[in-house]
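*Asks:* data_13.txt is the file, holding compact mmCIF, C-alpha atoms:
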```
# COMPACT_ATOMS: atom_id res chain seq x y z
CA MET A 10 8.56 -22.11 6.81
CA ASN A 11 6.91 -20.84 3.64
CA ARG A 12 7.62 -17.26 2.68
CA VAL A 13 5.00 -14.78 3.91
CA LEU A 14 6.78 -11.57 2.88
CA LYS A 15 6.90 -10.89 -0.84
CA ASN A 16 10.28 -9.18 -1.18
CA LYS A 17 12.20 -9.83 2.03
CA GLU A 18 13.27 -12.70 4.21
CA ALA A 19 11.24 -12.73 7.41
CA ILE A 20 12.93 -12.00 10.71
CA ILE A 21 11.16 -13.19 13.86
CA THR A 22 10.91 -10.34 16.37
CA GLN A 23 8.76 -12.20 18.90
CA ASN A 24 8.51 -15.96 19.32
CA TYR A 25 5.47 -18.04 20.17
CA THR A 26 5.13 -18.48 23.93
CA LYS A 27 2.46 -19.32 26.47
CA TYR A 28 1.85 -15.57 26.86
CA HIS A 29 2.29 -14.48 23.22
CA GLN A 30 0.52 -17.05 21.08
CA ALA A 31 1.83 -15.81 17.76
CA ILE A 32 5.02 -15.20 15.83
CA ASP A 33 5.82 -11.57 14.94
CA LEU A 34 7.76 -10.95 11.72
CA VAL A 35 9.43 -8.06 9.93
CA GLY A 36 11.59 -7.86 6.81
CA ASN A 37 15.39 -7.65 6.76
CA ASN A 38 16.63 -4.57 8.61
CA TYR A 39 13.12 -4.08 10.00
CA THR A 40 11.72 -3.04 6.61
CA LEU A 41 8.05 -3.28 5.71
CA ASP A 42 6.78 -5.48 2.90
CA PHE A 43 3.75 -7.00 1.20
CA VAL A 44 2.28 -9.97 3.08
CA THR A 45 1.47 -13.11 1.10
CA ALA A 46 -0.72 -16.12 1.88
CA HIS A 47 1.22 -18.94 3.51
CA SER A 48 -0.80 -21.53 1.52
CA ASP A 49 -4.06 -21.88 -0.40
CA GLY A 50 -7.26 -21.17 1.50
CA ILE A 51 -10.39 -19.09 1.97
CA VAL A 52 -10.48 -15.75 3.76
CA GLU A 53 -12.64 -16.40 6.79
CA LEU A 54 -12.50 -12.99 8.49
CA VAL A 55 -11.21 -9.50 7.70
CA GLN A 56 -11.01 -6.49 9.99
CA THR A 57 -10.16 -3.07 8.56
CA GLY A 58 -10.28 0.52 9.74
CA LYS A 59 -8.62 -0.29 13.05
CA ASN A 60 -5.40 0.95 14.59
CA ASN A 61 -3.30 -1.36 16.72
CA ASN A 62 -4.48 -0.96 20.29
CA LEU A 63 -1.94 -2.42 22.70
CA ASN A 64 -4.28 -1.95 25.68
CA SER A 65 -7.11 -4.00 24.18
CA THR A 66 -7.89 -7.70 23.91
CA GLY A 67 -9.23 -10.04 21.25
CA ASN A 68 -9.76 -8.77 17.72
CA GLU A 69 -9.29 -5.13 18.78
CA SER A 70 -5.67 -5.85 19.68
CA TYR A 71 -4.86 -7.01 16.13
CA GLY A 72 -5.61 -3.79 14.27
CA ASN A 73 -6.31 -4.56 10.61
CA PHE A 74 -6.13 -8.32 10.08
CA ILE A 75 -6.91 -11.26 7.82
CA LYS A 76 -7.81 -14.77 8.97
CA ILE A 77 -7.44 -17.54 6.39
CA LYS A 78 -8.74 -21.11 6.71
CA HIS A 79 -6.45 -23.47 4.81
CA ASN A 80 -7.35 -26.72 3.08
CA ASN A 81 -5.95 -28.75 6.00
CA ASN A 82 -8.36 -26.96 8.43
CA PHE A 83 -5.51 -24.95 9.97
CA HIS A 84 -5.86 -21.15 10.17
CA THR A 85 -3.40 -18.30 9.85
CA LEU A 86 -4.00 -14.83 11.23
CA TYR A 87 -2.12 -11.92 9.65
CA ALA A 88 -2.43 -9.03 12.12
CA HIS A 89 -1.17 -5.45 12.46
CA LEU A 90 -1.54 -4.72 8.73
CA LYS A 91 -1.37 -1.28 7.19
CA TYR A 92 -3.91 -2.34 4.57
CA VAL A 93 -5.82 -5.43 3.50
CA ASP A 94 -6.13 -6.49 -0.14
CA VAL A 95 -8.73 -9.31 0.20
CA LYS A 96 -12.33 -9.70 1.35
CA THR A 97 -14.15 -12.30 3.41
CA ASN A 98 -14.84 -15.48 1.39
CA ASP A 99 -12.13 -14.72 -1.20
CA LYS A 100 -10.13 -17.75 -2.32
CA VAL A 101 -6.41 -17.14 -2.02
CA LYS A 102 -3.43 -19.00 -3.45
CA LYS A 103 -0.09 -19.66 -1.80
CA GLY A 104 2.13 -16.62 -2.41
CA GLN A 105 -0.75 -14.27 -3.32
CA ILE A 106 -0.43 -10.74 -1.92
CA ILE A 107 -3.12 -10.29 0.72
CA GLY A 108 -2.05 -7.02 2.36
CA TYR A 109 0.79 -4.82 3.55
CA MET A 110 2.44 -4.99 6.96
CA GLY A 111 2.89 -2.19 9.42
CA GLY A 112 -0.53 -0.92 10.44
```
What is this file in structure tokens?

*Replies:*
Amino acid sequence: MNRVLKNKEAIITQNYTKYHQAIDLVGNNYTLDFVTAHSDGIVELVQTGKNNNLNSTGNESYGNFIKIKHNNNFHTLYAHLKYVDVKTNDKVKKGQIIGYMGG
């Protein structure tokens, strides 16, 4: 797995399952960190100004998030961010800071 936290090793707190179709990460000792792009791509969608809403569905459940389309046509979604540091249609490079976790 490529690094997605700038300063810390990622610890998986929730695995991908049929019911939770994502992987949740935190830094060592449950610390917060900058989030970096997994690989090169274009920011396809950004949502800001939202709190995490555990009782909602779809985009509302993600809080602040970034969706990146990568050169291989795969997508990554970085959800539950405290803040976002990119805009829709921005080109991002692997390892570039795109936001901060913990929102």

*Asks:* Return the single residue from A:Gln56, A:Asn81, A:Asp42, A:Gly36 that is closest to Ile106 (chain A), with distances computed using only C-alpha atoms.

*Replies:*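 Using only C-alpha atoms, the shortest distance to Ile106 (chain A) belongs to A:Asp42.
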
*Asks:* Within 10 Å of Gln105 (chain A), counting only C-alpha atoms, which residues qualify if same-chain residues fewer than 5 places away don't, as a ChimeraX atom specification?

*Replies:* /A:13,15,43-49,94

*Asks:* As an exercise, work out the distance from CA of Lys96 (chain A) to CA of Gly72 (chain A) in Å and give it to one decimal place.

*Replies:*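 Atom-to-atom, CA of Lys96 (chain A) and CA of Gly72 (chain A) are spaced 15.7 Å apart.
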
*Asks:* Distance cut-off 7 Å, centre (-15.4, -13.0, 2.7) in file coordinates, counting all atoms listed in the file: which residues qualify? Return them as a VMD selection string.

*Replies:* chain A and resid 52 to 54 96 to 99

*Asks:* Can you tell me, as JSON, numbers by chain, which residues sit within 12 Å of (-8.7, -27.0, 2.5) in the file's frame, using only C-alpha atoms?

*Replies:* {"A": [48, 49, 50, 51, 52, 77, 78, 79, 80, 81, 82, 83, 84, 100, 101, 102]}

*Asks:* Could you tell me which of A:Gly108, A:Phe74, A:Val55, A:Leu86 comes closest to Leu41 (chain A) if we count all atoms listed in the file?

*Replies:*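 Smallest distance to Leu41 (chain A) is found for A:Gly108.
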
*Asks:* Measure the distance from CA of Thr40 (chain A) to CA of Tyr109 (chain A) in Å and round it to one decimal.

*Replies:*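 Rounded to one decimal, the two atoms are 11.5 Å apart.
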
*Asks:* By how many Å are CA of Val95 (chain A) and CA of Thr26 (chain A) apart?

*Replies:*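 Straight-line distance from CA of Val95 (chain A) to CA of Thr26 (chain A) works out to 29.0 Å.
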
*Asks:* Measuring between only C-alpha atoms, which one of A:Lys76, A:Gly104, A:Asn38, A:Tyr71 shows the shortest distance to Leu90 (chain A)?

*Replies:*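 Ranking A:Lys76, A:Gly104, A:Asn38, A:Tyr71 by distance to Leu90 (chain A), first place goes to A:Tyr71.
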
*Asks:* For each of A:Asn73, A:Glu18, A:Val35, A:Gly111, take the minimum atom-to-atom distance to Val93 (chain A), counting all atoms listed in the file, then give the residue where this is smallest.

*Replies:*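 Comparing A:Asn73, A:Glu18, A:Val35, A:Gly111 against Val93 (chain A), the winner is A:Asn73.
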